[in-house]
file input30.txt (compact mmCIF, C-alpha atoms)
# COMPACT_ATOMS: atom_id res chain seq x y z
CA MET A 5 2.08 4.34 -2.23
CA PRO A 6 4.42 4.84 -5.19
CA PRO A 7 6.54 7.91 -5.79
CA THR A 8 5.62 10.41 -8.46
CA VAL A 9 9.25 11.12 -9.37
CA GLY A 10 12.01 8.86 -10.57
CA THR A 11 9.95 6.23 -12.37
CA ALA A 12 11.25 6.93 -15.88
CA GLU A 13 12.91 3.54 -15.99
CA ALA A 14 9.64 1.74 -15.32
CA ARG A 15 7.79 3.79 -17.94
CA SER A 16 10.44 3.17 -20.58
CA HIS A 17 9.95 -0.57 -20.21
CA GLY A 18 6.25 -0.40 -21.07
CA CYS A 19 4.74 -0.65 -17.58
CA PRO A 20 1.48 1.35 -17.69
CA ALA A 21 0.40 -0.09 -14.34
CA ARG A 22 3.28 1.74 -12.65
CA GLU A 23 2.15 4.98 -14.26
CA ALA A 24 -1.46 4.39 -13.25
CA ARG A 25 -0.44 3.69 -9.67
CA ALA A 26 1.74 6.81 -9.60
CA GLN A 27 -1.25 8.94 -10.59
CA GLY A 28 -3.20 7.96 -7.47
CA PRO A 29 -6.19 5.72 -6.75
CA PRO A 30 -8.63 5.28 -9.63
CA ALA A 31 -12.09 6.73 -9.38
CA PHE A 32 -13.83 3.37 -8.99
CA GLN A 33 -11.79 2.60 -5.85
CA LEU A 34 -12.90 5.88 -4.26
CA GLY A 35 -16.45 5.04 -5.25
CA ILE A 36 -16.22 1.68 -3.49
CA ALA A 37 -14.92 3.32 -0.31
CA ARG A 38 -17.67 5.94 -0.25
CA THR A 39 -20.37 3.36 -0.99
CA CYS A 40 -19.03 1.21 1.82
CA ALA A 41 -19.12 4.21 4.16
CA PHE A 42 -22.74 4.91 3.19
CA PHE A 43 -23.91 1.37 3.99
CA LEU A 44 -21.97 1.22 7.24
CA ARG A 45 -23.41 4.51 8.53
CA ARG A 46 -26.98 4.07 7.35
CA GLU A 47 -29.57 3.72 10.11
CA LYS A 48 -31.74 0.66 10.13
CA PRO A 49 -35.40 1.34 9.28
CA GLY A 50 -37.67 1.70 12.27
CA THR A 51 -34.91 2.02 14.88
CA LYS A 52 -33.65 4.98 16.81
CA PRO A 53 -30.28 5.19 18.50
CA LYS A 54 -30.34 5.08 22.25
CA LYS A 55 -29.01 8.15 23.96
CA THR A 56 -26.98 8.45 27.12
CA GLY A 57 -26.97 11.34 29.52
CA ASN A 58 -24.54 13.37 27.44
CA GLY A 59 -26.60 12.98 24.25
CA ARG A 60 -24.29 10.48 22.57
CA PRO A 61 -25.31 7.02 21.33
CA SER A 62 -24.86 4.31 23.95
CA ASP A 63 -21.85 1.97 23.79
CA GLY A 64 -24.08 -1.02 23.09
CA GLU A 65 -25.59 0.45 19.94
CA PRO A 66 -24.81 -1.65 16.85
CA GLU A 67 -22.07 -0.30 14.63
CA GLY A 68 -23.16 1.55 11.56
CA SER A 69 -26.31 3.11 13.06
CA LEU A 70 -24.61 6.45 13.57
CA PRO A 71 -21.12 7.64 12.61
CA SER A 72 -18.64 7.74 15.45
CA ASP A 73 -16.75 10.84 16.52
CA ALA A 74 -13.75 9.71 14.49
CA ASP A 75 -16.01 9.25 11.45
CA ARG A 76 -17.41 12.77 11.83
CA GLU A 77 -13.89 14.18 12.00
CA GLY A 78 -12.93 12.29 8.87
CA VAL A 79 -15.96 13.57 6.95
CA HIS A 80 -15.37 17.12 8.17
CA ALA A 81 -11.74 16.97 7.04
CA GLY A 82 -12.80 15.82 3.58
CA THR A 83 -10.98 12.48 3.87
CA PRO A 84 -12.95 9.20 3.78
CA PRO A 85 -12.21 7.20 6.97
CA PRO A 86 -10.63 3.73 6.66
CA GLU A 87 -13.94 1.91 6.99
CA VAL A 88 -12.61 -1.55 6.14
CA THR A 89 -9.81 -1.63 8.71
CA VAL A 90 -11.98 -0.20 11.49
CA HIS A 91 -15.20 -2.15 10.87
CA TYR A 92 -14.12 -5.45 9.29
CA GLY A 93 -12.02 -8.43 10.41
CA GLY A 94 -8.43 -9.12 9.42
CA ARG A 95 -9.24 -11.91 6.96
CA LEU A 96 -11.06 -9.35 4.83
CA ILE A 97 -8.46 -6.59 5.16
CA ALA A 98 -5.77 -8.51 3.29
CA PRO A 99 -7.83 -9.44 0.19
CA PHE A 100 -9.29 -5.93 0.06
CA ARG A 101 -5.88 -4.28 -0.02
CA ALA A 102 -4.41 -7.00 -2.25
CA GLY A 103 -7.05 -6.18 -4.84
CA THR A 104 -5.14 -3.03 -5.80
CA ASP A 105 -1.91 -4.95 -6.33
CA LEU A 106 -3.72 -7.78 -8.10
CA SER A 107 -5.44 -5.34 -10.46
CA GLN A 108 -2.02 -3.81 -11.18
CA MET A 109 -0.68 -7.22 -12.14
CA LEU A 110 -3.69 -8.02 -14.33
CA CYS A 111 -3.47 -4.65 -16.06
CA ALA A 112 0.24 -5.19 -16.69
CA LEU A 113 -0.45 -8.63 -18.17
CA LEU A 114 -3.17 -7.21 -20.43
CA SER A 115 -0.90 -4.43 -21.64
CA GLU A 116 1.87 -6.97 -22.22
CA ALA A 117 -0.56 -9.04 -24.32
CA GLN A 118 -1.45 -5.96 -26.35
CA ALA A 119 2.17 -4.92 -27.00
CA PRO A 120 4.64 -7.75 -26.33
CA ARG A 121 7.55 -5.65 -27.63
CA GLY A 122 6.77 -2.60 -25.53
CA ALA A 123 5.28 0.79 -26.35
CA GLY A 124 7.17 1.08 -29.64
CA GLY A 125 6.10 -2.32 -30.98
CA PRO A 126 3.00 -3.32 -32.93
CA LEU A 127 -0.34 -3.45 -31.09
CA LEU A 128 -2.11 -6.81 -31.32
CA PHE A 129 -5.51 -5.25 -30.58
CA PRO A 130 -6.84 -1.66 -30.36
CA SER A 131 -6.44 0.44 -27.23
CA TRP A 132 -10.21 0.80 -26.78
CA VAL A 133 -10.44 -2.97 -26.30
CA LEU A 134 -7.85 -2.69 -23.53
CA GLN A 135 -9.88 0.07 -21.85
CA VAL A 136 -13.06 -2.04 -22.05
CA LEU A 137 -11.24 -4.91 -20.35
CA TYR A 138 -10.07 -2.55 -17.61
CA ALA A 139 -13.65 -1.35 -17.11
CA ALA A 140 -14.92 -4.94 -16.95
CA LEU A 141 -12.40 -5.76 -14.21
CA ALA A 142 -13.48 -2.70 -12.24
CA ALA A 143 -17.16 -3.59 -12.61
CA ALA A 144 -16.52 -7.17 -11.49
CA GLY A 145 -14.68 -5.94 -8.40
CA LEU A 146 -17.44 -3.50 -7.50
CA ALA A 147 -20.14 -6.13 -7.96
CA SER A 148 -18.32 -8.68 -5.80
CA TRP A 149 -17.83 -6.09 -3.06
CA MET A 150 -21.42 -4.89 -3.04
CA MET A 151 -23.07 -8.33 -3.25
CA GLY A 152 -20.52 -10.53 -1.52
CA VAL A 153 -19.42 -8.29 1.35
CA VAL A 154 -21.62 -5.25 1.92
CA GLY A 155 -24.90 -6.98 1.11
CA SER A 156 -24.23 -10.03 3.30
CA ALA A 157 -22.27 -8.18 6.03
CA ALA A 158 -19.50 -10.78 5.67
CA GLY A 159 -16.57 -10.06 7.95
CA LEU A 160 -18.31 -7.19 9.71
CA ARG A 161 -17.21 -6.88 13.32
CA ARG A 162 -19.76 -7.64 15.99
CA PRO A 163 -20.68 -4.77 18.30
CA GLU A 164 -18.91 -6.39 21.26
CA ALA A 165 -15.70 -6.68 19.24
CA GLN A 166 -15.26 -2.91 19.38
CA GLN A 167 -14.08 -1.62 22.73
CA PRO A 168 -16.15 1.36 23.93
CA GLU A 169 -14.20 4.56 24.09
CA PRO A 170 -14.30 6.21 27.53
CA ARG A 171 -15.71 9.70 27.18
CA GLY A 172 -15.58 12.54 29.60
CA PRO A 173 -16.23 16.27 29.46
CA PRO A 174 -14.22 17.74 26.56
CA SER A 175 -11.18 19.79 27.48
CA LYS A 176 -10.60 23.32 26.23
CA ALA A 177 -7.96 22.15 23.76
CA GLU A 178 -10.30 19.48 22.41
CA ALA A 179 -13.36 21.67 22.25
CA ALA A 180 -11.69 24.69 20.69
CA PRO A 181 -11.76 24.60 16.88
CA GLY A 182 -8.29 24.11 15.47
CA GLY A 183 -6.73 23.39 18.85
CA ARG A 184 -3.48 21.47 18.99
CA ARG A 185 -5.11 18.34 20.34
CA GLY A 186 -7.99 18.68 17.89
CA ARG A 187 -5.57 18.80 14.94
CA LEU A 188 -3.50 15.81 16.04
CA ARG A 189 -6.29 13.60 17.40
CA GLY A 190 -6.99 12.23 13.93
CA PHE A 191 -3.47 10.74 13.85
CA ALA A 192 -3.59 9.12 17.30
CA CYS A 193 -1.75 5.79 17.29
CA PRO A 194 -1.64 3.38 20.27
CA ALA A 195 1.79 2.51 21.64
CA SER A 196 1.30 -1.18 20.82
CA LEU A 197 1.09 -0.33 17.11
CA ALA A 198 3.80 2.34 16.94
CA TRP A 199 6.63 0.12 15.64
CA PRO A 200 4.50 -1.89 13.18
CA VAL A 201 3.03 1.33 11.76
CA LEU A 202 6.46 2.99 11.47
CA LEU A 203 8.34 0.00 10.03
CA GLY A 204 5.66 -1.99 8.21
CA GLY A 205 3.42 0.90 7.23
CA VAL A 206 5.93 3.63 6.30
CA VAL A 207 9.51 2.38 5.89
CA THR A 208 8.55 -0.63 3.75
CA GLN A 209 6.91 1.70 1.23
CA VAL A 210 10.00 3.93 1.26
CA ASN A 211 12.21 0.88 0.66
CA LEU A 212 10.27 -0.12 -2.44
CA TRP A 213 8.99 3.05 -4.07
CA ALA A 214 11.78 5.49 -3.16
CA LEU A 215 14.92 3.38 -2.71
CA THR A 216 14.38 0.57 -5.24
CA VAL A 217 12.08 1.41 -8.14
CA PRO A 218 13.80 4.67 -9.25
CA VAL A 219 17.31 3.13 -9.28
CA GLY A 220 16.45 -0.44 -10.27
CA ASN A 221 17.37 -0.07 -13.93
CA SER A 222 20.72 1.58 -13.22
CA SER A 223 21.54 -0.99 -10.56
CA ALA A 224 20.77 -3.84 -12.97
CA ARG A 225 23.01 -2.29 -15.64
CA MET A 226 25.94 -2.38 -13.23
CA THR A 227 25.75 -6.20 -13.24
CA ASP A 228 26.50 -6.55 -16.96
CA PRO A 229 30.18 -7.46 -17.51
CA GLU A 230 30.24 -6.12 -21.09
CA SER A 231 28.57 -2.69 -21.01
CA CYS A 232 25.80 -0.71 -19.34
CA GLY A 233 23.57 -1.34 -22.35
CA GLY A 234 24.23 -5.06 -22.58
CA ASP A 235 21.58 -7.70 -23.12
CA GLN A 236 22.27 -9.46 -19.82
CA ALA A 237 21.33 -6.39 -17.80
CA ALA A 238 18.16 -5.81 -19.82
CA VAL A 239 17.00 -9.40 -19.34
CA LEU A 240 17.88 -9.32 -15.64
CA TYR A 241 15.88 -6.15 -15.02
CA LYS A 242 12.87 -7.39 -16.98
CA VAL A 243 12.80 -10.71 -15.09
CA GLY A 244 13.23 -8.98 -11.72
CA LEU A 245 10.49 -6.47 -12.49
CA THR A 246 8.09 -9.21 -13.61
CA LEU A 247 8.73 -11.23 -10.45
CA GLN A 248 8.16 -8.12 -8.38
CA TYR A 249 4.81 -7.50 -10.10
CA CYS A 250 3.72 -11.04 -9.25
CA LEU A 251 5.04 -11.21 -5.69
CA VAL A 252 3.38 -8.02 -4.44
CA PRO A 253 -0.26 -9.21 -4.79
CA LEU A 254 0.56 -12.81 -3.88
CA ALA A 255 2.30 -11.72 -0.68
CA SER A 256 -0.64 -9.47 0.20
CA LEU A 257 -3.01 -12.42 -0.14
CA LEU A 258 -0.61 -14.60 1.87
CA SER A 259 -1.07 -12.32 4.87
CA SER A 260 -4.75 -13.29 5.04
CA LEU A 261 -3.94 -16.89 6.01
CA ALA A 262 -2.74 -16.17 9.56
CA ARG A 263 -1.39 -13.41 11.74
CA CYS A 264 2.36 -13.00 11.62
CA PRO A 265 4.13 -13.12 15.03
CA ARG A 266 5.79 -9.82 15.84
CA PRO A 267 9.37 -11.23 16.00
CA LEU A 268 8.94 -12.78 12.55
CA PHE A 269 7.43 -9.50 11.32
CA TYR A 270 10.52 -7.57 12.40
CA GLY A 271 12.77 -10.26 10.93
CA LEU A 272 11.08 -9.95 7.52
CA PHE A 273 11.48 -6.18 7.71
CA ALA A 274 15.21 -6.64 8.34
CA LEU A 275 15.35 -8.98 5.32
CA GLN A 276 13.76 -6.31 3.13
CA CYS A 277 16.30 -3.75 4.32
CA ALA A 278 19.11 -6.20 3.49
CA CYS A 279 17.69 -6.62 -0.03
CA VAL A 280 17.61 -2.84 -0.47
CA ALA A 281 21.24 -2.69 0.66
CA ALA A 282 22.14 -5.33 -1.97
CA VAL A 283 20.53 -3.28 -4.76
CA TRP A 284 22.40 -0.16 -3.65
CA LEU A 285 25.73 -1.98 -3.30
CA SER A 286 25.36 -3.04 -6.93
CA LEU A 287 24.39 0.50 -7.92
CA LEU A 288 27.46 2.00 -6.22
CA GLY A 289 29.78 -0.61 -7.71
CA VAL A 290 30.77 -2.23 -4.42
CA GLY A 291 31.97 -5.77 -5.27
CA ARG A 292 31.06 -5.26 -8.91
CA GLU A 293 33.61 -7.58 -10.51
CA ALA A 294 33.87 -10.00 -7.60
CA LEU A 295 30.13 -10.58 -7.14
CA TRP A 296 27.55 -8.68 -9.15
CA GLN A 297 29.00 -9.36 -12.61
CA THR A 298 29.02 -13.11 -11.97
CA ALA A 299 26.09 -15.44 -12.61
CA PRO A 300 25.46 -16.10 -8.87
CA GLY A 301 25.65 -12.38 -8.18
CA ARG A 302 23.03 -11.59 -10.83
CA THR A 303 20.80 -14.28 -9.33
CA VAL A 304 21.16 -12.69 -5.89
CA TRP A 305 20.34 -9.27 -7.37
CA CYS A 306 17.21 -10.56 -9.11
CA ALA A 307 15.99 -12.32 -5.96
CA ALA A 308 16.65 -9.24 -3.81
CA PHE A 309 14.90 -6.91 -6.26
CA ALA A 310 11.81 -9.13 -6.39
CA LEU A 311 11.71 -9.77 -2.62
CA ILE A 312 11.64 -6.04 -1.86
CA GLY A 313 8.26 -5.80 -3.58
CA GLY A 314 6.90 -9.03 -2.13
CA LEU A 315 7.89 -8.11 1.42
CA GLU A 316 6.36 -4.66 1.00
CA GLY A 317 3.05 -6.23 0.04
CA TYR A 318 3.14 -8.69 2.95
CA LEU A 319 4.37 -6.34 5.69
CA LEU A 320 2.13 -3.43 4.73
CA THR A 321 -0.97 -5.62 4.56
CA MET A 322 -0.06 -7.35 7.83
CA THR A 323 0.28 -3.93 9.46
CA TYR A 324 -3.27 -3.11 8.41
CA ARG A 325 -4.32 -6.43 9.90
CA TYR A 326 -2.61 -5.58 13.19
CA VAL A 327 -4.49 -2.29 13.23
CA GLY A 328 -7.79 -4.01 12.53
CA ASP A 329 -7.40 -7.10 14.74
CA ASP A 330 -5.45 -6.09 17.84
CA PRO A 331 -7.86 -6.38 20.81
CA GLY A 332 -8.68 -3.63 23.27
CA LEU A 333 -8.45 -0.70 20.84
CA ALA A 334 -11.13 1.93 20.39
CA ALA A 335 -12.37 2.68 16.89
CA HIS A 336 -10.82 6.15 16.81
CA LEU A 337 -7.37 4.67 17.60
CA ARG A 338 -7.63 2.22 14.73
CA ASP A 339 -8.76 5.08 12.52
CA GLY A 340 -5.86 7.27 13.66
CA ALA A 341 -3.27 4.53 13.08
CA CYS A 342 -4.54 4.08 9.51
CA ARG A 343 -4.39 7.82 8.88
CA LEU A 344 -0.86 8.07 10.29
CA MET A 345 0.28 5.15 8.17
CA SER A 346 -1.24 6.56 4.99
CA TRP A 347 -0.01 10.12 5.43
CA GLY A 348 3.41 9.06 6.69
CA GLY A 349 3.95 6.67 3.80
CA VAL A 350 2.92 9.25 1.20
CA MET A 351 5.02 12.09 2.61
CA ALA A 352 8.19 10.10 3.35
CA THR A 353 8.09 8.22 0.04
CA ASN A 354 7.45 11.22 -2.17
CA LEU A 355 9.97 13.51 -0.48
CA LEU A 356 12.79 10.96 -0.69
CA SER A 357 11.76 9.99 -4.21
CA LEU A 358 11.88 13.65 -5.20
CA ALA A 359 15.44 13.97 -3.89
CA ILE A 360 16.58 10.80 -5.69
CA GLY A 361 14.83 11.89 -8.90
CA ILE A 362 16.66 15.24 -8.84
CA CYS A 363 19.96 13.42 -8.34
CA ILE A 364 19.22 11.14 -11.31
CA LEU A 365 18.28 14.10 -13.55
CA ARG A 366 21.61 15.74 -12.71
CA GLY A 367 23.52 12.68 -13.87
CA GLY A 368 24.05 10.98 -10.53
CA LEU A 369 23.41 7.34 -9.70
CA ALA A 370 24.02 6.36 -13.32
CA CYS A 371 25.69 3.21 -14.60
CA VAL A 372 29.45 3.41 -15.10
CA GLU A 373 30.95 1.47 -17.99
CA PRO A 374 33.01 -1.52 -16.81
CA ASP A 375 36.77 -1.51 -17.17
CA THR A 376 37.87 -3.25 -20.34
call {"tool": "encode", "arguments": {"input": "input30.txt", "output": "structure tokens"}}
result
Amino acid sequence: MPPTVGTAEARSHGCPAREARAQGPPAFQLGIARTCAFFLRREKPGTKPKKTGNGRPSDGEPEGSLPSDADREGVHAGTPPPEVTVHYGGRLIAPFRAGTDLSQMLCALLSEAQAPRGAGGPLLFPSWVLQVLYAALAAAGLASWMMGVVGSAAGLRRPEAQQPEPRGPPSKAEAAPGGRRGRLRGFACPASLAWPVLLGGVVTQVNLWALTVPVGNSSARMTDPESCGGDQAAVLYKVGLTLQYCLVPLASLLSSLARCPRPLFYGLFALQCACVAAVWLSLLGVGREALWQTAPGRTVWCAAFALIGGLEGYLLTMTYRYVGDDPGLAAHLRDGACRLMSWGGVMATNLLSLAIGICILRGGLACVEPDT
């Protein structure tokens, strides 16, 4: 989830996809999620759910006949539940999430084709043509989802793949409206997913959208040996940003090939943190003349800047796959892990981005002219 503050550098370089992503999910994506929820919850004609002694559907009832308790809580709270992660297999999770990043890349390429010289340059075709192309991409995605996935039930988990949730008589805290347990139950996360959710689901987003994107332009300017407004810095930042645009969706799709072992997962997270440290060392002027203003140093900076985005796409999508594929987890735990990851990523990223944006507006974290 991108920050809403501190993205002036991205906007000034003619990146409408960054602005669109900062404004939240488009309406057609919400429509897809709600349509998916409708088909998954709809009862089959001519069938009635079996009841147990406590009046709940039996554990052997096929998924989608009735909404689960976690689904009811999500609807009551006004937030659509993560239907894809809970009800579909991991090979479908990665392409579904990568679609957002891929659409961002396609939109950026279309806008680049319309205005190769940026927002101030001549437009090669009218803006309404660009909007029609955007709408066509959205319609194609919706059609492929409805006919290729929902209609054929491709990737839908079998009933036995979901572990039944043991139910007992509700406690007072659970039954009372607004009780402490009732408020926090929607964010329940199993211990086996705690570190992947924290590192891959929250910190990776903070590394990209709060610690890299807002300061990327200033950090690139510090690598120019002539001045902060030199051509070398401008070219370096544009190349790094373009590579980042391309690596994010490609890395998300890469996670659909196979599950990543946990040790390798943590190693890739450490690599992303090292890349963030490299960007900030350049920003603060540490080793400026000895490393960052040299040709190898600028190559290292460009690779680090691009890898931060690619690793965010891979690690975040792989975390969703862990949530969806790890065996022995009840549906409400998968649902809670997704909620915790979404809310935690949004809150942590936006709060830190707000602080960095205020610092930038006050003149901090700016490029310092090199010594002549």
call {"tool": "closest_residue", "arguments": {"input": "input30.txt", "among": "A:Pro194, A:Gly220, A:Pro130, A:Pro120", "to": "Ile364 (chain A)", "atoms": "all atoms listed in the file"}}
result
A:Gly220
call {"tool": "residues_around", "arguments": {"input": "input30.txt", "residues": "Gly348 (chain A)", "least_positions_apart": "4", "cutoff": "7 Å", "atoms": "all atoms listed in the file", "output": "list in words"}}
result
Val206, Leu344 and Ala352 of chain A
call {"tool": "axis_aligned_box", "arguments": {"input": "input30.txt", "around": "region 145-149 of chain A", "padding_each_side": "3 Å", "output": "AutoDock Vina command-line options"}}
result
--center_x -17.4 --center_y -6.1 --center_z -5.7 --size_x 11.5 --size_y 11.2 --size_z 11.3
call {"tool": "atom_distance", "arguments": {"input": "input30.txt", "atom1": "CA of Glu316 (chain A)", "atom2": "CA of Trp149 (chain A)"}}
result
24.6 Å
call {"tool": "residues_around", "arguments": {"input": "input30.txt", "residues": "Leu288 (chain A)", "least_positions_apart": "3", "cutoff": "8 Å", "atoms": "all atoms listed in the file", "output": "PyMOL selection string"}}
result
chain A and resi 223+284-285+369
call {"tool": "atom_distance", "arguments": {"input": "input30.txt", "atom1": "CA of Asn211 (chain A)", "atom2": "CA of Gly313 (chain A)"}}
result
8.8 Å
call {"tool": "residues_around", "arguments": {"input": "input30.txt", "residues": "Ser286 (chain A)", "least_positions_apart": "5", "cutoff": "9 Å", "atoms": "all atoms listed in the file", "output": "list of chain:residue names"}}
result
A:Ser223, A:Ala224, A:Met226, A:Thr227, A:Ala281, A:Gly291, A:Arg292, A:Leu295, A:Trp296, A:Trp305
call {"tool": "atom_distance", "arguments": {"input": "input30.txt", "atom1": "CA of Trp132 (chain A)", "atom2": "CA of Ser107 (chain A)"}}
result
18.1 Å
call {"tool": "closest_residue", "arguments": {"input": "input30.txt", "among": "A:Cys306, A:Met345, A:Leu258, A:Val290", "to": "Thr323 (chain A)", "atoms": "only C-alpha atoms"}}
result
A:Met345
call {"tool": "closest_residue", "arguments": {"input": "input30.txt", "among": "A:Ala142, A:Val252, A:Met151, A:Leu202", "to": "Tyr324 (chain A)", "atoms": "all atoms listed in the file"}}
result
A:Leu202
call {"tool": "closest_residue", "arguments": {"input": "input30.txt", "among": "A:Ile312, A:Ala255, A:Ala238, A:Ala299", "to": "Ala274 (chain A)", "atoms": "only C-alpha atoms"}}
result
A:Ile312
call {"tool": "residues_around", "arguments": {"input": "input30.txt", "residues": "Val207 (chain A)", "least_positions_apart": "4", "cutoff": "12 Å", "atoms": "only C-alpha atoms", "output": "ChimeraX atom specification"}}
result
/A:5,199-203,211-215,270,273-274,276-277,280,312,315-316,319-320,323,345-346,348-353,356
call {"tool": "closest_residue", "arguments": {"input": "input30.txt", "among": "A:Leu268, A:Ala341, A:Ala144, A:Leu127", "to": "Tyr326 (chain A)", "atoms": "only C-alpha atoms"}}
result
A:Ala341
call {"tool": "residues_around", "arguments": {"input": "input30.txt", "residues": "Gln236 (chain A)", "least_positions_apart": "6", "cutoff": "10 Å", "atoms": "only C-alpha atoms", "output": "VMD selection string"}}
result
chain A and resid 224 to 225 227 to 230 297 302
call {"tool": "residues_near_point", "arguments": {"input": "input30.txt", "point": "(5.9, -7.3, -9.2)", "cutoff": "9 Å", "atoms": "only C-alpha atoms", "output": "PDB file with C-alpha atoms, in the frame of the given file"}}
result
ATOM      1  CA  ASP A 105      -1.910  -4.950  -6.330  1.00  0.00           C
ATOM      2  CA  GLN A 108      -2.020  -3.810 -11.180  1.00  0.00           C
ATOM      3  CA  MET A 109      -0.680  -7.220 -12.140  1.00  0.00           C
ATOM      4  CA  GLY A 244      13.230  -8.980 -11.720  1.00  0.00           C
ATOM      5  CA  LEU A 245      10.490  -6.470 -12.490  1.00  0.00           C
ATOM      6  CA  THR A 246       8.090  -9.210 -13.610  1.00  0.00           C
ATOM      7  CA  LEU A 247       8.730 -11.230 -10.450  1.00  0.00           C
ATOM      8  CA  GLN A 248       8.160  -8.120  -8.380  1.00  0.00           C
ATOM      9  CA  TYR A 249       4.810  -7.500 -10.100  1.00  0.00           C
ATOM     10  CA  CYS A 250       3.720 -11.040  -9.250  1.00  0.00           C
ATOM     11  CA  LEU A 251       5.040 -11.210  -5.690  1.00  0.00           C
ATOM     12  CA  VAL A 252       3.380  -8.020  -4.440  1.00  0.00           C
ATOM     13  CA  PRO A 253      -0.260  -9.210  -4.790  1.00  0.00           C
ATOM     14  CA  ALA A 310      11.810  -9.130  -6.390  1.00  0.00           C
ATOM     15  CA  GLY A 313       8.260  -5.800  -3.580  1.00  0.00           C
ATOM     16  CA  GLY A 314       6.900  -9.030  -2.130  1.00  0.00           C
TER      17      GLY A 314
END
call {"tool": "closest_residue", "arguments": {"input": "input30.txt", "among": "A:Val133, A:Leu254, A:Leu146, A:Ala119", "to": "Tyr318 (chain A)", "atoms": "only C-alpha atoms"}}
result
A:Leu254
